[in-house]
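K.L.:
Sharing a structure below in structure tokens format, with a few things to ask.
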Amino acid sequence: MPSTAFHAPDTVEDAVALLSADPTARPLGGGTDLIVQMRSGRLSPGAVVDLKRIEGMSGVRRDDEGFVIGAATPCTALKADAALVAAWPGVVEAANLIGSVQVRNRATMAGNLCNASPAADSVPALVAAGAVCVVAGPSGLREVPVEAVPVAPGKTSLASGEFVAEIRLPAKPAGGGDAYLRSTPRTEMDIAVVGAGVSLVLDGEGTCTSARIALGAVGPTVVLVEEAGAALVGTKLDDDALAAMSKAVQAASNPIDDKRGTVSYRKAMAGVLARRAVLIAASRAGAKA
Amino acid sequence: MNAPETMKQFRPKGFRHVGTRPVRPDGVDKVTGKALYSPDFKAPGMLWGAILRSPHPHARIISIDTKKAEALVGVKAVATGRDLPTLESLVMHVGEGASDIVDVSHNCLALDKVLYEGHAVVAVAATSPEIAREALGLITVEYEELPFVLGVEEALAEGAPVLHDNVFTKGVEPKPEKPSNAAMRVEMGGGDVEGALASAAATVTERYTLEPVHQGYIEPHACVASWNGDGQAQIWTSSQGHFAVRSLTASVLAMPQSDIRVTPLEIGGGFGGKTTIYLEPVAMVLSRKSGRPVRLAMTREEVFRATGPAPGAVIDVRIGADAEGTLVAAEVEFLYHSGAYTANDAGAGVSSAIGHYRIANTRVVGTEVLCNRPAAKAYRAPGAPQVNFAVESAIDELAGKLGIDPLELRLKNAAAEGDPQTSGLPWGRIGWVECLEAARAHPHWSAPLGPNQGRGIAGGYWGNYGGPSTVNVSVAEDGTITVATGSPDIGGSRASMAIMAAEVLDVPYEQVRSVVADTASIGVSMVTGGSRTTFATGMATVQAAEDVKSILCQRAARMWGVSDDQVEWRSGAVVCLEGEKQGQSMTAAAIAGRSFHSGGPIAAVAALSAKGWLPGFGVHICDTEVDPETGHVKIVRYTAIQDVGTAIHPDYVEGQMQGGAAQGIGWALNEAYIYGKNGKLDNAGFLDYRMPVASDLPMIDTVMVEVPNPAHPYGVKGVGEVPIVPPLAAVANAIHGAIGQRLRDLPMVPDRVYAALHPEG
Ligand SMILES: Cc1cc2nc3c(=O)[nH]c(=O)nc-3n(C[C@H](O)[C@H](O)[C@H](O)COP(=O)(O)OP(=O)(O)OC[C@H]3O[C@@H](n4cnc5c(N)ncnc54)[C@H](O)[C@@H]3O)c2cc1C
């Protein structure tokens with residue numbers, strides 16, 4: 001019978017060593033994907049390496065550049081950090097759409113990202129926010145933009161022995177606002193048919209000076225739609241700008257037909273959700289937190 | 001024995017317990033997690049079973065090689081269909097529907113053919129679940145794949161793969177020459193439909209479709225079986241009827257029923273789906289082979305792949321009215337998914353279609369269609385919600401054409417006591433008109449609607465049932481009362497039985513405890529299904545409690561030395577009416593305390609087949625809000641109105657109404673099986689089989705209309721199934737109200753609604 005070793009190291013170095021020793025080893029965050037996949041027989045790793053005992057791996061810190069979120073921080077803990085909620089409400093909301101309260105008490109954004117599902121809810125919001133991962137591995141630490149982590153459904157760019165140690169978000173820019181919306185048939189406990197994350201900055205006049213728009217579930221990985229952001233920059237988010245943005249979003253969407261939605265519906269929803277998310281982000285930017 | 005004539009009369013009076021809302025006797029165990037459900041049960045020395053299931057929707061089994069599995073250390077038994085006895089065809093009626101015992105057997109373990117993906121083929125028992133699963137991987141089954149068919153129309157088409165070569169459409173005379181997938185045909189009605197439709201002022205001719213849906217009980221099927229060398233066996237399982245488990249298992253194994261003792265465990269939802277067996281004969285065979293108790297439990301995935309959905313349907317409706325809105329003719333023709341074996345929903349579908357309206361000319365035809373899906377099984381009002389969705393949608397469409405308010409059109413044509421049903425038999429004391437009037441008077445019906453909102457109304461009914469129940473009411477030495485029934489409690493019936501016994505005996509509710517007894521400890525009782533338990537088992541409870549009351553009176557009279565008619569039961573005690581002891585009273589405790597020396601233990605059994613049941617009617621009002629840009633449908637307000645006879649325990653009646661509405665809303669909006677082109681189910685789990693979650697629903701308001709059943713001592717009518725009937729059309733009609741377009745295919749998922757709103761794409 002196949003067996004799985006369980007390790008709970010105290011240091012990043014030990015975790016890297018354990019992960020390097022067995023190419024089938026998997027890091028464990030909340031386990032809300034990993035354990036489910038192991039139970040169903042989809043995955044049978046030789047070892048599971050729990051990251052939660054490692055110092056600094058759980059919790060949100062601030063540094064000069066912004067926020068540092070430990071990889072093992074459960075989604076509900078993000079809501080408890082008032083400064084993070086004020087700066088990146090869209091990211092916190094996205095992470096807190098995952099599953100149910102019980103799931104979110106365990107689930108992490110790093111796990112959401114490294115599970116590499118195209119429909120992962122926190123990922124488009126992180127990408128829109130310009131988040132960066134700090135990856136630990138056999139050759140030390142390196143920084144990777146969030147959008148460069150997933151490479152295909154279920155696959156990441158992380159090398160053997162590597163894991164995400166931190167997710168870093170910049171400080172909130174002046175006049176900045178973000179939002180994430182998803183479409184699911186049910187209100188909860190569902191997987192996004194489409195997700196749209198938006199982060200933008202408005203100047204004192206209400207003119208958009210920068211915008212990042214990222215989509216979930218419309219391609220094999222999260223899609224950062226630069227043309228959509230560009231369609232907003234320099235505008236006051238008038239109807240024409242929003243229509244151009246939606247068009248760019250739809251053009252960049254390349255979804256599949258599956259049990260969760262059709263191609264045409266997904267494309268249409270990408271445009272609708274992106275527009276709605278832009279308006280929420282803009283109202284937050286105007287609110288000047 | 002039937003209830004005596006006096007017992008059957010409804011006795012309206014000031015009730016002391018009936019209509020109160022005490023805590024259920026099983027409540028604390030359930031909320032503290034102590035309740036023992038099927039998958040919780042363990043026996044000493046128990047083995048763990050696992051089942052290898054067909055990966056193909058339709059295939060012939062060429063060979064099965066289990067040698068490697070048998071050789072695996074820890075494997076104690078392996079069983080295939082060959083280990084079950086060969087049976088003669090015999091249709092068994094155990095509850096909601098009938099099944100041929102040969103089909104039941106082949107569904108437990110396939111013999112020559114597999115008929116759906118997930119069909120059980122081989123079972124193993126081992127010393128751990130891991131070993132059992134590993135053993136499955138060592139089994140080789142060679143299949144010859146056959147063409148398969150999933151849809152009802154496709155299954156009837158010329159050249160479709162025929163599932164069974166011995167099925168010749170039942171209900172067709174003369175018997176067809178060729179076997180086909182049309183398993184059964186039922187027809188009812190009379191008059192001149194064509195003539196009446198031709199002269200109608202307005203008609204609606206439309207087709208409506210529904211997908212099969214699962215009952216969605218949270219507790220998966222599970223059992224432990226232990227079969228000894230002397231032939232005696234025990235089974236521990238949850239079900240809607242442990243007597244049905246006993247009779248079906250004994251018949252599949254060709255053994256005496258009294259050799260099997262089935263102990264009912266707490267049930268975590270059934271909704272009709274647990275009126276049959278899947279695992280018990282298999283666990284029994286594995287137990288006999290291994291000499292140890294064997295546990296079999298399904299995973300959620302197995303529940304979806306291998307247990308009964310309610311049939312989906314294709315339904316054609318033609319209905320017409322004169323200019324004043326009097327319905328003149330209706331024709332309903334439907335095809336129901338029967339799945340792998342002949343199911344039983346068509347008959348109930350036919351009688352549940354249009355009987356709630358007075359229509360002179362009718363024709364209702366239902367056909368059960370075999371296809372390569374799991375065998376359809378009863379689901380709450382089995383056969384009724386599908387056809388009701390079509391008819392109540394069509395009535396709405398007709399109201400639109402006539403320019404008549406949809407509630408008024410229903411009221412104008414509503415059947416009342418004495419009017420004929422579709423079968424021609426007259427309706428009894430039904431409360432359909434009362435429900436419509438309650439709907440009209442309800443503030444919901446006239447409340448203003450917001451933007452993008454629409455309101456729908458629909459009415460429906462279910463026949464309900466009576467039938468056999470056995471109840472034992474016994475008095476403990478301290479005068480407290482135990483009510484033992486053979487009816488599994490799936491909706492609060494233990495509380496209701498205790499209430500009814502306490503009402504008869506006029507003692508505190510807490511002085512009466514109610515349990516569900518095993519098959520060796522109480523007489524035969526039919527399944528808890530057909531909304532029969534509070535009615536039929538309740539009738540037996542009342543009768544047994546009345547008998548106990550008589551015994552207590554006789555004992556007291558004897559002790560006082562007076563005749564039986566010189567005592568009377570008052571306020572929970574016997575009172576002496578004449579003689580020296582006049583005015584003295586004796587409680588149950590005083591009498592029972594001395595019973596060992598004055599006539600023996602005090603108990604009474606009522607074993608009856610309850611007659612006089614009445615159907616239940618419901619009217620549901622639904623408000624939806626549709627997001628015009630996304631097609632999402634939100635249920636913003638919902639009111640369920642129902643004739644409940646007498647609500648014995650109103651909380652549990654309201655709970656049934658809310659639960660039925662919630663399930664119906666799920667059927668209407670999101671629930672569906674999604675099959676791949678390969679005939680395999682693609683959403684065998686709750687993540688993508690989308691039943692509503694709490695946040696998908698508003699508070700479901702309930703209005704209990706009480707039109708008592710004159711044939712039941714407390715006026716009971718069945719309440720559990722009616723509330724899943726109207727929601728499908730109520731939601732569809734509300735969506736029509738919100739978007740001005742008629743959707744006739746369920747489920748009304750966002751992309752479907754979106755496509756209707758944005759035909760350009
Ligand atoms: C009932 C239910 C509902 C759900 N609903 C949603 C939903 O609505 N939206 C959604 O997006 N997801 C949903 N999920 C999926 C899951 O909860 C999320 O993806 C969650 O964020 C995963 O985080 P985790 O910490 O539990 O990951 P884990 O299960 O611990 O890990 C997931 C994967 O990432 C790897 N991993 C974990 N941490 C790291 C790390 N630091 N570095 C490298 N690799 C790592 C693991 O090895 C594994 O392969 C749901 C799951 C369940 C069970």
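By convention in this document, the chains of the structure tokens carry letters A, B, ... by their order, each chain's residues are numbered from 1, and ligands are numbered from 1 in the order they are shown.
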Find the residues around B:Gly189 up to 9 Å (only C-alpha atoms counted), leave out those fewer than 4 positions away in its own chain, and share them as a count of residues only.
P.N.:
9
K.L.:
Do you know which residues are within 8 Å of ligand 1 using only C-alpha atoms and all ligand atoms? Can you write them as a PyMOL selection string?
P.N.:
(chain A and resi 25-36+48+51+71-72+74-75+95+97-100+103-104+106-117+119-123+135+154+158+162-166+188-192) or (chain B and resi 687)
K.L.:
Hey, could you make a per-residue contact list for chain B against chain A with 7 Å as the cut-off, showing the nearest pair of atoms and its distance in Å to one decimal, counting only C-alpha atoms, sorted by chain and number, as a Markdown table?
P.N.:
| residue | atom | partner | partner_atom | distance |
| --- | --- | --- | --- | --- |
| B:Thr630 | CA | A:Met269 | CA | 6.6 |
| B:Ile674 | CA | A:Lys259 | CA | 6.7 |
| B:Leu687 | CA | A:Asp190 | CA | 6.2 |
| B:Pro692 | CA | A:Arg186 | CA | 6.9 |
| B:Ser695 | CA | A:Thr187 | CA | 6.3 |
| B:Asp696 | CA | A:Thr187 | CA | 5.8 |
| B:Val749 | CA | A:Pro185 | CA | 6.8 |
| B:Pro750 | CA | A:Pro185 | CA | 6.3 |
| B:Asp751 | CA | A:Tyr265 | CA | 6.0 |
| B:Gly761 | CA | A:Ser264 | CA | 6.8 |
K.L.:
Using N, CA and C atoms, can you export the residues from the last selection as a compact mmCIF listing (two decimals), in the first residue's frame?
P.N.:
# COMPACT_ATOMS: atom_id res chain seq x y z
N THR B 630 -26.68 39.27 -16.23
CA THR B 630 -26.00 38.00 -15.97
C THR B 630 -26.93 36.79 -16.01
N ILE B 674 -24.91 16.24 -15.05
CA ILE B 674 -24.20 16.64 -16.26
C ILE B 674 -23.41 15.43 -16.75
N LEU B 687 -20.32 19.80 -5.11
CA LEU B 687 -19.74 21.04 -5.61
C LEU B 687 -20.39 21.45 -6.93
N PRO B 692 -29.40 24.09 -3.48
CA PRO B 692 -29.28 25.42 -2.89
C PRO B 692 -28.59 25.37 -1.53
N SER B 695 -27.74 30.54 1.83
CA SER B 695 -27.76 31.92 1.34
C SER B 695 -28.43 32.05 -0.02
N ASP B 696 -28.78 30.94 -0.65
CA ASP B 696 -29.52 31.01 -1.91
C ASP B 696 -31.01 31.23 -1.69
N VAL B 749 -30.75 27.78 -15.11
CA VAL B 749 -29.41 28.20 -14.70
C VAL B 749 -29.11 29.56 -15.33
N PRO B 750 -28.16 30.30 -14.74
CA PRO B 750 -27.89 31.64 -15.24
C PRO B 750 -27.62 31.69 -16.74
N ASP B 751 -26.83 30.74 -17.29
CA ASP B 751 -26.52 30.91 -18.71
C ASP B 751 -27.75 30.70 -19.59
N GLY B 761 -26.46 36.66 -28.31
CA GLY B 761 -25.25 35.96 -27.82
C GLY B 761 -24.42 36.85 -26.92
K.L.:
Give me the residues within 12 Å of B:Lys170 as a PyMOL selection string, counting only C-alpha atoms and dropping any in the same chain fewer than 6 places off.
P.N.:
chain B and resi 176+179-187+342-344+346-347+366-369
K.L.:
Smallest atom-to-atom distance to A:Ala125: which of A:Val91, A:Val223, A:Ala274, A:Val218, using only C-alpha atoms?
P.N.:
A:Val91
K.L.:
Among stretch 107-222 of chain A, which residues does DSSP mark as alpha helix (DSSP H) when it is run on the backbone? Keep the chain and numbering as in the structure and answer as JSON, numbers by chain.
P.N.:
{"A": [109, 110, 111, 112, 113, 114, 122, 123, 124, 125, 126, 127, 128, 129]}
K.L.:
If you keep all heavy atoms, can you produce a file of those selected residues as a tab-separated table (two decimals), in the first residue's frame?
P.N.:
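Resulting contents of result.tsv:
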chain	number	residue	atom	x	y	z
A	109	MET	N	-4.13	31.85	0.78
A	109	MET	CA	-4.01	32.37	-0.59
A	109	MET	C	-2.87	31.67	-1.32
A	109	MET	O	-2.96	31.42	-2.52
A	109	MET	CB	-3.79	33.89	-0.58
A	109	MET	CG	-5.02	34.66	-0.12
A	109	MET	SD	-4.99	36.39	-0.65
A	109	MET	CE	-3.63	37.01	0.34
A	110	ALA	N	-1.79	31.34	-0.58
A	110	ALA	CA	-0.66	30.65	-1.23
A	110	ALA	C	-1.12	29.30	-1.77
A	110	ALA	O	-0.76	28.90	-2.88
A	110	ALA	CB	0.49	30.49	-0.26
A	111	GLY	N	-1.95	28.60	-0.99
A	111	GLY	CA	-2.48	27.31	-1.45
A	111	GLY	C	-3.41	27.51	-2.63
A	111	GLY	O	-3.40	26.74	-3.60
A	112	ASN	N	-4.21	28.54	-2.59
A	112	ASN	CA	-5.12	28.86	-3.69
A	112	ASN	C	-4.32	29.08	-4.97
A	112	ASN	O	-4.66	28.56	-6.04
A	112	ASN	CB	-5.90	30.13	-3.32
A	112	ASN	CG	-7.15	30.37	-4.13
A	112	ASN	OD1	-7.45	31.49	-4.50
A	112	ASN	ND2	-7.92	29.33	-4.42
A	113	LEU	N	-3.20	29.78	-4.83
A	113	LEU	CA	-2.34	30.07	-5.98
A	113	LEU	C	-1.62	28.82	-6.48
A	113	LEU	O	-1.61	28.53	-7.68
A	113	LEU	CB	-1.32	31.15	-5.58
A	113	LEU	CG	-0.25	31.52	-6.60
A	113	LEU	CD1	-0.90	32.15	-7.84
A	113	LEU	CD2	0.76	32.49	-5.99
A	114	CYS	N	-1.04	28.06	-5.54
A	114	CYS	CA	-0.20	26.92	-5.94
A	114	CYS	C	-1.02	25.70	-6.35
A	114	CYS	O	-0.50	24.79	-6.99
A	114	CYS	CB	0.78	26.57	-4.83
A	114	CYS	SG	1.93	27.93	-4.53
A	122	SER	N	-8.72	34.03	-5.23
A	122	SER	CA	-7.88	35.14	-4.75
A	122	SER	C	-6.87	35.58	-5.80
A	122	SER	O	-6.32	36.68	-5.72
A	122	SER	CB	-7.16	34.74	-3.45
A	122	SER	OG	-6.18	33.75	-3.70
A	123	VAL	N	-6.63	34.74	-6.80
A	123	VAL	CA	-5.52	35.00	-7.72
A	123	VAL	C	-5.73	36.23	-8.62
A	123	VAL	O	-4.83	37.09	-8.69
A	123	VAL	CB	-5.18	33.72	-8.52
A	123	VAL	CG1	-4.09	33.98	-9.54
A	123	VAL	CG2	-4.74	32.62	-7.55
A	124	PRO	N	-6.89	36.37	-9.29
A	124	PRO	CA	-7.05	37.59	-10.10
A	124	PRO	C	-6.93	38.87	-9.27
A	124	PRO	O	-6.35	39.86	-9.74
A	124	PRO	CB	-8.47	37.45	-10.69
A	124	PRO	CG	-8.74	35.98	-10.65
A	124	PRO	CD	-8.04	35.46	-9.43
A	125	ALA	N	-7.43	38.84	-8.04
A	125	ALA	CA	-7.34	40.03	-7.19
A	125	ALA	C	-5.88	40.32	-6.85
A	125	ALA	O	-5.44	41.48	-6.86
A	125	ALA	CB	-8.17	39.83	-5.93
A	126	LEU	N	-5.11	39.26	-6.55
A	126	LEU	CA	-3.69	39.45	-6.24
A	126	LEU	C	-2.93	39.99	-7.46
A	126	LEU	O	-2.08	40.88	-7.34
A	126	LEU	CB	-3.06	38.13	-5.78
A	126	LEU	CG	-3.42	37.66	-4.37
A	126	LEU	CD1	-2.97	36.21	-4.15
A	126	LEU	CD2	-2.79	38.58	-3.31
A	127	VAL	N	-3.25	39.43	-8.61
A	127	VAL	CA	-2.56	39.86	-9.83
A	127	VAL	C	-2.89	41.33	-10.12
A	127	VAL	O	-2.00	42.14	-10.43
A	127	VAL	CB	-2.94	38.96	-11.02
A	127	VAL	CG1	-2.43	39.53	-12.34
A	127	VAL	CG2	-2.40	37.54	-10.80
A	128	ALA	N	-4.16	41.68	-10.00
A	128	ALA	CA	-4.55	43.07	-10.24
A	128	ALA	C	-3.82	44.00	-9.28
A	128	ALA	O	-3.39	45.09	-9.64
A	128	ALA	CB	-6.06	43.22	-10.08
A	129	ALA	N	-3.65	43.53	-8.05
A	129	ALA	CA	-2.99	44.36	-7.02
A	129	ALA	C	-1.48	44.43	-7.22
A	129	ALA	O	-0.80	45.14	-6.50
A	129	ALA	CB	-3.33	43.81	-5.64
